[in-house]
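Undergrad: Take a look at this one; I'll ask things after.
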Amino acid sequence: MKTKLIEQEIKYEGWQLSPHWIYKNFKIQGDATVAFKGECEVKLDEMVDIEDVINNEPIYSKSMLSFISEQFNIGLVEGVFRQRLLICIIKEALERRGISIRRSGDDLFFNDKKLTVSIATKSVNSILIHTGINIDSNGAPVKACGLENDLGISDIDAFANEILKRYSEEIDDIILASTKVRGV
């Protein structure tokens, strides 16, 4: 899997979770995950999570570290497994820094405050994943926390690169592991 930390700030509004957005904007073809920082504001008409739409729960973060992944030749259930793997890798990275994190499904919490948003969906030809980690939780519509203001993580780029590297290595290793066994 190819990865890239995008240096420019991007406001995530939901429409970026679309087929070939990574390829068209960053010329990275195939399975890829990118990370970027910026404001996050997903209004109900751009929401992929129907439950959030029904509950009238738009998403907002003054500053968020977003990961968008596009992966081909897998189904939605495997895509959700890969989404949960990404969440677990983020959780492990925080715990290595001595921060106690609780995971519930595809969400991470610190002191019962929501740290992340995440969704996996299917496009016509790929699986798309967005996972966002609040950097600054001020103004969030729910009880939330952030990497900088609550967890004391200031080097967001280093944190993002660690997540990108570990996620890519894990996905590549899973695929490689599937090639070393004989069928029975």
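Starting from 1 in every chain, residues are counted up; chains themselves are A, B, ... following the order of the structure tokens, and ligands are numbered from 1 as listed.
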Which residues in region 55-115 of chain A does DSSP call alpha helix (DSSP H)? List them as a ChimeraX atom specification.
TA: /A:76-96
Undergrad: Okay, now the selection with N, CA and C atoms, as a PDB file, in the first residue's frame?
TA:
ATOM      1  N   LEU A  76     -16.977  -4.911   1.161  1.00  0.00           N
ATOM      2  CA  LEU A  76     -17.253  -3.958   2.218  1.00  0.00           C
ATOM      3  C   LEU A  76     -16.936  -4.519   3.604  1.00  0.00           C
ATOM      4  N   VAL A  77     -17.244  -5.785   3.845  1.00  0.00           N
ATOM      5  CA  VAL A  77     -16.949  -6.351   5.165  1.00  0.00           C
ATOM      6  C   VAL A  77     -15.442  -6.338   5.414  1.00  0.00           C
ATOM      7  N   GLU A  78     -14.643  -6.734   4.419  1.00  0.00           N
ATOM      8  CA  GLU A  78     -13.187  -6.664   4.583  1.00  0.00           C
ATOM      9  C   GLU A  78     -12.740  -5.211   4.744  1.00  0.00           C
ATOM     10  N   GLY A  79     -13.402  -4.302   4.065  1.00  0.00           N
ATOM     11  CA  GLY A  79     -13.082  -2.885   4.220  1.00  0.00           C
ATOM     12  C   GLY A  79     -13.327  -2.399   5.645  1.00  0.00           C
ATOM     13  N   VAL A  80     -14.415  -2.866   6.258  1.00  0.00           N
ATOM     14  CA  VAL A  80     -14.696  -2.495   7.646  1.00  0.00           C
ATOM     15  C   VAL A  80     -13.643  -3.106   8.568  1.00  0.00           C
ATOM     16  N   PHE A  81     -13.223  -4.349   8.288  1.00  0.00           N
ATOM     17  CA  PHE A  81     -12.127  -4.942   9.069  1.00  0.00           C
ATOM     18  C   PHE A  81     -10.877  -4.078   8.969  1.00  0.00           C
ATOM     19  N   ARG A  82     -10.560  -3.608   7.764  1.00  0.00           N
ATOM     20  CA  ARG A  82      -9.371  -2.770   7.571  1.00  0.00           C
ATOM     21  C   ARG A  82      -9.522  -1.416   8.249  1.00  0.00           C
ATOM     22  N   GLN A  83     -10.738  -0.884   8.266  1.00  0.00           N
ATOM     23  CA  GLN A  83     -11.017   0.358   8.989  1.00  0.00           C
ATOM     24  C   GLN A  83     -10.747   0.148  10.479  1.00  0.00           C
ATOM     25  N   ARG A  84     -11.241  -0.956  11.028  1.00  0.00           N
ATOM     26  CA  ARG A  84     -11.037  -1.248  12.454  1.00  0.00           C
ATOM     27  C   ARG A  84      -9.561  -1.477  12.752  1.00  0.00           C
ATOM     28  N   LEU A  85      -8.834  -2.081  11.808  1.00  0.00           N
ATOM     29  CA  LEU A  85      -7.390  -2.260  11.974  1.00  0.00           C
ATOM     30  C   LEU A  85      -6.704  -0.898  12.085  1.00  0.00           C
ATOM     31  N   LEU A  86      -7.090   0.047  11.241  1.00  0.00           N
ATOM     32  CA  LEU A  86      -6.522   1.396  11.308  1.00  0.00           C
ATOM     33  C   LEU A  86      -6.794   2.021  12.672  1.00  0.00           C
ATOM     34  N   ILE A  87      -8.012   1.873  13.167  1.00  0.00           N
ATOM     35  CA  ILE A  87      -8.364   2.412  14.489  1.00  0.00           C
ATOM     36  C   ILE A  87      -7.497   1.764  15.571  1.00  0.00           C
ATOM     37  N   CYS A  88      -7.303   0.442  15.489  1.00  0.00           N
ATOM     38  CA  CYS A  88      -6.473  -0.250  16.490  1.00  0.00           C
ATOM     39  C   CYS A  88      -5.016   0.207  16.423  1.00  0.00           C
ATOM     40  N   ILE A  89      -4.507   0.488  15.228  1.00  0.00           N
ATOM     41  CA  ILE A  89      -3.134   0.980  15.080  1.00  0.00           C
ATOM     42  C   ILE A  89      -3.007   2.364  15.712  1.00  0.00           C
ATOM     43  N   ILE A  90      -4.010   3.219  15.539  1.00  0.00           N
ATOM     44  CA  ILE A  90      -4.002   4.539  16.168  1.00  0.00           C
ATOM     45  C   ILE A  90      -4.026   4.389  17.688  1.00  0.00           C
ATOM     46  N   LYS A  91      -4.878   3.501  18.168  1.00  0.00           N
ATOM     47  CA  LYS A  91      -4.977   3.246  19.613  1.00  0.00           C
ATOM     48  C   LYS A  91      -3.634   2.784  20.172  1.00  0.00           C
ATOM     49  N   GLU A  92      -2.989   1.840  19.491  1.00  0.00           N
ATOM     50  CA  GLU A  92      -1.681   1.338  19.935  1.00  0.00           C
ATOM     51  C   GLU A  92      -0.638   2.453  19.962  1.00  0.00           C
ATOM     52  N   ALA A  93      -0.650   3.321  18.947  1.00  0.00           N
ATOM     53  CA  ALA A  93       0.324   4.422  18.884  1.00  0.00           C
ATOM     54  C   ALA A  93       0.141   5.365  20.066  1.00  0.00           C
ATOM     55  N   LEU A  94      -1.094   5.618  20.435  1.00  0.00           N
ATOM     56  CA  LEU A  94      -1.366   6.482  21.587  1.00  0.00           C
ATOM     57  C   LEU A  94      -0.966   5.791  22.890  1.00  0.00           C
ATOM     58  N   GLU A  95      -1.250   4.513  22.989  1.00  0.00           N
ATOM     59  CA  GLU A  95      -0.902   3.776  24.208  1.00  0.00           C
ATOM     60  C   GLU A  95       0.614   3.663  24.387  1.00  0.00           C
ATOM     61  N   ARG A  96       1.361   3.590  23.282  1.00  0.00           N
ATOM     62  CA  ARG A  96       2.832   3.593  23.378  1.00  0.00           C
ATOM     63  C   ARG A  96       3.339   4.912  23.950  1.00  0.00           C
TER      64      ARG A  96
END
Undergrad: Return as a Markdown table the residues of region 37-57 of chain A lying at most 10 Å from region 136-145 of chain A, together with the closest atom-to-atom pair for each and the distance in Å to one decimal, counting only C-alpha atoms, with rows in chain order and ascending residue number.
TA:
| residue | atom | partner | partner_atom | distance |
| --- | --- | --- | --- | --- |
| A:Glu39 | CA | A:Asp136 | CA | 9.3 |
| A:Cys40 | CA | A:Ala140 | CA | 9.8 |
| A:Glu41 | CA | A:Ala140 | CA | 9.8 |
| A:Glu57 | CA | A:Pro141 | CA | 8.0 |
Undergrad: Next, the residues of the selection above should be written as a compact mmCIF listing (two decimals), in the first residue's frame with C-alpha atoms.
TA:
# COMPACT_ATOMS: atom_id res chain seq x y z
CA GLU A 39 -10.74 21.80 9.50
CA CYS A 40 -13.44 19.14 9.23
CA GLU A 41 -17.05 20.03 8.49
CA GLU A 57 -25.40 14.53 13.79
Undergrad: Quick one: pull the distance between CA of Gly38 (chain A) and CA of Ile171 (chain A), Å, one decimal.
TA: 26.1 Å
Undergrad: Could you name the residues that touch Asp45 (chain A) at 10 Å or less, counting only C-alpha atoms, but leaving out those on the same chain fewer than 6 positions away, as a count of residues only?
TA: 4
Undergrad: According to DSSP computed on the backbone, where in chain A is there strand (DSSP E or B)? Give the residues as a count of residues only.
TA: 56
